[in-house]
file work_28.pdb (PDB, C-alpha atoms)
ATOM      1  CA  MET A   1      -7.274 -19.159  34.894  1.00  0.00           C
ATOM      2  CA  PRO A   2      -3.514 -19.691  35.196  1.00  0.00           C
ATOM      3  CA  ARG A   3      -1.292 -17.084  33.620  1.00  0.00           C
ATOM      4  CA  ARG A   4       1.544 -17.737  31.202  1.00  0.00           C
ATOM      5  CA  SER A   5       5.002 -18.155  32.726  1.00  0.00           C
ATOM      6  CA  ILE A   6       7.042 -14.966  32.879  1.00  0.00           C
ATOM      7  CA  TRP A   7      10.161 -16.609  31.475  1.00  0.00           C
ATOM      8  CA  LYS A   8       8.248 -17.632  28.332  1.00  0.00           C
ATOM      9  CA  GLY A   9       7.087 -14.092  27.591  1.00  0.00           C
ATOM     10  CA  SER A  10       3.893 -13.117  25.827  1.00  0.00           C
ATOM     11  CA  PHE A  11       2.710 -15.162  22.845  1.00  0.00           C
ATOM     12  CA  LEU A  12       2.966 -13.534  19.432  1.00  0.00           C
ATOM     13  CA  ASP A  13       2.263 -15.399  16.207  1.00  0.00           C
ATOM     14  CA  ALA A  14       5.162 -15.686  13.714  1.00  0.00           C
ATOM     15  CA  PHE A  15       3.176 -13.706  11.139  1.00  0.00           C
ATOM     16  CA  LEU A  16       2.817 -10.796  13.571  1.00  0.00           C
ATOM     17  CA  LEU A  17       6.500 -10.932  14.524  1.00  0.00           C
ATOM     18  CA  ARG A  18       7.426 -10.254  10.902  1.00  0.00           C
ATOM     19  CA  MET A  19       4.804  -7.532  10.548  1.00  0.00           C
ATOM     20  CA  LYS A  20       5.944  -5.816  13.745  1.00  0.00           C
ATOM     21  CA  LYS A  21       9.176  -4.719  12.070  1.00  0.00           C
ATOM     22  CA  LYS A  22       7.370  -3.105   9.117  1.00  0.00           C
ATOM     23  CA  ARG A  23       4.833  -0.787  10.728  1.00  0.00           C
ATOM     24  CA  ASP A  24       3.362   0.508   7.459  1.00  0.00           C
ATOM     25  CA  LEU A  25       2.172  -3.021   6.570  1.00  0.00           C
ATOM     26  CA  LEU A  26       0.100  -3.218   9.770  1.00  0.00           C
ATOM     27  CA  LEU A  27      -2.309  -0.457   8.824  1.00  0.00           C
ATOM     28  CA  ASN A  28      -5.737  -1.933   8.126  1.00  0.00           C
ATOM     29  CA  ARG A  29      -4.318  -5.473   8.090  1.00  0.00           C
ATOM     30  CA  LYS A  30      -6.441  -8.588   8.676  1.00  0.00           C
ATOM     31  CA  ILE A  31      -5.395 -10.668  11.684  1.00  0.00           C
ATOM     32  CA  TRP A  32      -6.588 -14.235  12.151  1.00  0.00           C
ATOM     33  CA  SER A  33      -4.504 -14.905  15.272  1.00  0.00           C
ATOM     34  CA  ARG A  34      -6.910 -14.054  18.095  1.00  0.00           C
ATOM     35  CA  ARG A  35      -4.640 -15.741  20.665  1.00  0.00           C
ATOM     36  CA  SER A  36      -1.695 -13.378  20.119  1.00  0.00           C
ATOM     37  CA  SER A  37      -0.913 -10.672  22.662  1.00  0.00           C
ATOM     38  CA  ILE A  38      -0.917  -7.012  21.691  1.00  0.00           C
ATOM     39  CA  SER A  39       2.573  -5.516  21.979  1.00  0.00           C
ATOM     40  CA  PRO A  40       3.444  -1.792  22.270  1.00  0.00           C
ATOM     41  CA  GLU A  41       4.560  -1.701  18.617  1.00  0.00           C
ATOM     42  CA  PHE A  42       0.926  -2.030  17.510  1.00  0.00           C
ATOM     43  CA  VAL A  43      -0.245   1.163  19.265  1.00  0.00           C
ATOM     44  CA  ASP A  44      -2.035   3.657  16.961  1.00  0.00           C
ATOM     45  CA  CYS A  45      -2.562   1.005  14.277  1.00  0.00           C
ATOM     46  CA  SER A  46      -5.935   0.062  12.872  1.00  0.00           C
ATOM     47  CA  VAL A  47      -6.294  -3.691  12.343  1.00  0.00           C
ATOM     48  CA  ARG A  48      -9.140  -6.002  11.386  1.00  0.00           C
ATOM     49  CA  ILE A  49      -9.512  -8.988  13.712  1.00  0.00           C
ATOM     50  CA  TYR A  50     -11.338 -12.079  12.440  1.00  0.00           C
ATOM     51  CA  ASN A  51     -14.271 -13.126  14.635  1.00  0.00           C
ATOM     52  CA  GLY A  52     -15.084 -16.395  12.856  1.00  0.00           C
ATOM     53  CA  LYS A  53     -17.333 -14.831  10.242  1.00  0.00           C
ATOM     54  CA  THR A  54     -16.104 -11.384   9.222  1.00  0.00           C
ATOM     55  CA  PRO A  55     -13.149  -9.177  10.202  1.00  0.00           C
ATOM     56  CA  VAL A  56     -13.950  -6.539  12.834  1.00  0.00           C
ATOM     57  CA  ARG A  57     -12.148  -3.190  12.686  1.00  0.00           C
ATOM     58  CA  CYS A  58     -10.238  -2.318  15.860  1.00  0.00           C
ATOM     59  CA  LYS A  59      -8.040   0.663  16.733  1.00  0.00           C
ATOM     60  CA  ILE A  60      -5.162  -0.374  19.027  1.00  0.00           C
ATOM     61  CA  THR A  61      -4.575   2.052  21.910  1.00  0.00           C
ATOM     62  CA  GLU A  62      -2.190   2.026  24.867  1.00  0.00           C
ATOM     63  CA  GLY A  63      -4.858   0.563  27.143  1.00  0.00           C
ATOM     64  CA  LYS A  64      -5.115  -2.574  25.000  1.00  0.00           C
ATOM     65  CA  VAL A  65      -1.413  -3.474  25.260  1.00  0.00           C
ATOM     66  CA  GLY A  66      -0.956  -6.823  27.017  1.00  0.00           C
ATOM     67  CA  HIS A  67      -4.430  -8.114  26.140  1.00  0.00           C
ATOM     68  CA  LYS A  68      -5.206 -10.645  23.403  1.00  0.00           C
ATOM     69  CA  PHE A  69      -6.507  -9.615  19.979  1.00  0.00           C
ATOM     70  CA  GLY A  70      -9.539 -11.884  20.406  1.00  0.00           C
ATOM     71  CA  GLU A  71     -10.818  -9.902  23.375  1.00  0.00           C
ATOM     72  CA  PHE A  72     -11.802  -7.028  21.097  1.00  0.00           C
ATOM     73  CA  ALA A  73     -13.607  -8.978  18.351  1.00  0.00           C
ATOM     74  CA  PHE A  74     -16.764 -10.501  19.794  1.00  0.00           C
ATOM     75  CA  THR A  75     -17.842 -13.804  18.269  1.00  0.00           C
ATOM     76  CA  ARG A  76     -21.463 -13.707  19.398  1.00  0.00           C
ATOM     77  CA  LYS A  77     -24.269 -11.341  18.415  1.00  0.00           C
ATOM     78  CA  ARG A  78     -25.869  -9.196  21.087  1.00  0.00           C
ATOM     79  CA  ARG A  79     -29.597  -9.715  21.372  1.00  0.00           C
ATOM     80  CA  PRO A  80     -31.835  -7.422  23.386  1.00  0.00           C
ATOM     81  CA  SER A  81     -33.361  -8.986  26.442  1.00  0.00           C
ATOM     82  CA  ARG A  82     -36.937 -10.157  25.983  1.00  0.00           C
ATOM     83  CA  THR A  83     -37.960  -8.568  29.291  1.00  0.00           C
ATOM     84  CA  ASN A  84     -37.139  -5.044  28.093  1.00  0.00           C
ATOM     85  CA  ILE A  85     -39.357  -5.207  25.011  1.00  0.00           C
ATOM     86  CA  GLY A  86     -42.769  -5.239  26.724  1.00  0.00           C
ATOM     87  CA  LEU A  87     -42.161  -2.919  29.678  1.00  0.00           C
ATOM     88  CA  GLY A  88     -44.389  -0.153  28.305  1.00  0.00           C
ATOM     89  CA  ARG A  89     -47.535  -2.254  28.294  1.00  0.00           C
ATOM     90  CA  LYS A  90     -49.381  -3.606  31.292  1.00  0.00           C
ATOM     91  CA  ARG A  91     -50.954  -6.975  30.895  1.00  0.00           C
ATOM     92  CA  GLY A  92     -53.894  -8.314  32.808  1.00  0.00           C
ATOM     93  CA  LYS A  93     -57.128  -6.873  34.196  1.00  0.00           C
ATOM     94  CA  LYS A  94     -57.552  -3.238  35.201  1.00  0.00           C
TER
END
call {"tool": "encode", "arguments": {"input": "work_28.pdb", "output": "structure tokens"}}
result
Amino acid sequence: MPRRSIWKGSFLDAFLLRMKKKRDLLLNRKIWSRRSSISPEFVDCSVRIYNGKTPVRCKITEGKVGHKFGEFAFTRKRRPSRTNIGLGRKRGKK
């Protein structure tokens, strides 16, 4: 996947640009912009990222800086594999 040009900089939605200045408004704030990059100003903030159905709570740490918000709010449910369910039983003749 091609990366964004360096001269353009990282993408940040206009809503988040305004909120970046006022750090107290970011605490426990809902974010619908999954395509925006996480900047260092968001570190140690708790935000709720929309996954298409409900907002998912996410704590921003230093390791998440540079990634997109959408990477941390999964849009699909995890289902257990069907092969792991029946491992305890043996089927067939003895």
call {"tool": "atom_distance", "arguments": {"input": "work_28.pdb", "atom1": "CA of His67 in chain A", "atom2": "CA of Ile49 in chain A"}}
result
13.5 Å
call {"tool": "closest_residue", "arguments": {"input": "work_28.pdb", "among": "A:Ile38, A:Ile6, A:Cys45, A:Leu17", "to": "Lys64 in chain A", "atoms": "only C-alpha atoms"}}
result
A:Ile38
call {"tool": "atom_distance", "arguments": {"input": "work_28.pdb", "atom1": "CA of Lys30 in chain A", "atom2": "CA of Thr61 in chain A"}}
result
17.1 Å
call {"tool": "residues_around", "arguments": {"input": "work_28.pdb", "residues": "Pro55 in chain A", "least_positions_apart": "5", "cutoff": "10 Å", "atoms": "only C-alpha atoms", "output": "PyMOL selection string"}}
result
chain A and resi 29-32+47-50+73
call {"tool": "closest_residue", "arguments": {"input": "work_28.pdb", "among": "A:Asn28, A:Arg3, A:Ser37, A:Thr54", "to": "Leu16 in chain A", "atoms": "only C-alpha atoms"}}
result
A:Ser37
call {"tool": "atom_distance", "arguments": {"input": "work_28.pdb", "atom1": "CA of Lys68 in chain A", "atom2": "CA of Val56 in chain A"}}
result
14.3 Å
call {"tool": "residues_around", "arguments": {"input": "work_28.pdb", "residues": "Glu62 in chain A", "least_positions_apart": "6", "cutoff": "9 Å", "atoms": "all atoms listed in the file", "output": "short mmCIF file (atom, residue, chain, number, x, y, z; two decimals) with C-alpha atoms, in the coordinates of the input"}}
result
data_model
loop_
_atom_site.label_atom_id
_atom_site.label_comp_id
_atom_site.auth_asym_id
_atom_site.auth_seq_id
_atom_site.Cartn_x
_atom_site.Cartn_y
_atom_site.Cartn_z
CA PRO A 40 3.44 -1.79 22.27
CA PHE A 42 0.93 -2.03 17.51
CA VAL A 43 -0.24 1.16 19.26
CA ASP A 44 -2.04 3.66 16.96
#
call {"tool": "closest_residue", "arguments": {"input": "work_28.pdb", "among": "A:Ser5, A:Asn51, A:Ser81, A:Ser10", "to": "Val65 in chain A", "atoms": "only C-alpha atoms"}}
result
A:Ser10
call {"tool": "closest_residue", "arguments": {"input": "work_28.pdb", "among": "A:Arg34, A:Ser46, A:Cys58, A:Gly63", "to": "Thr75 in chain A", "atoms": "all atoms listed in the file"}}
result
A:Arg34
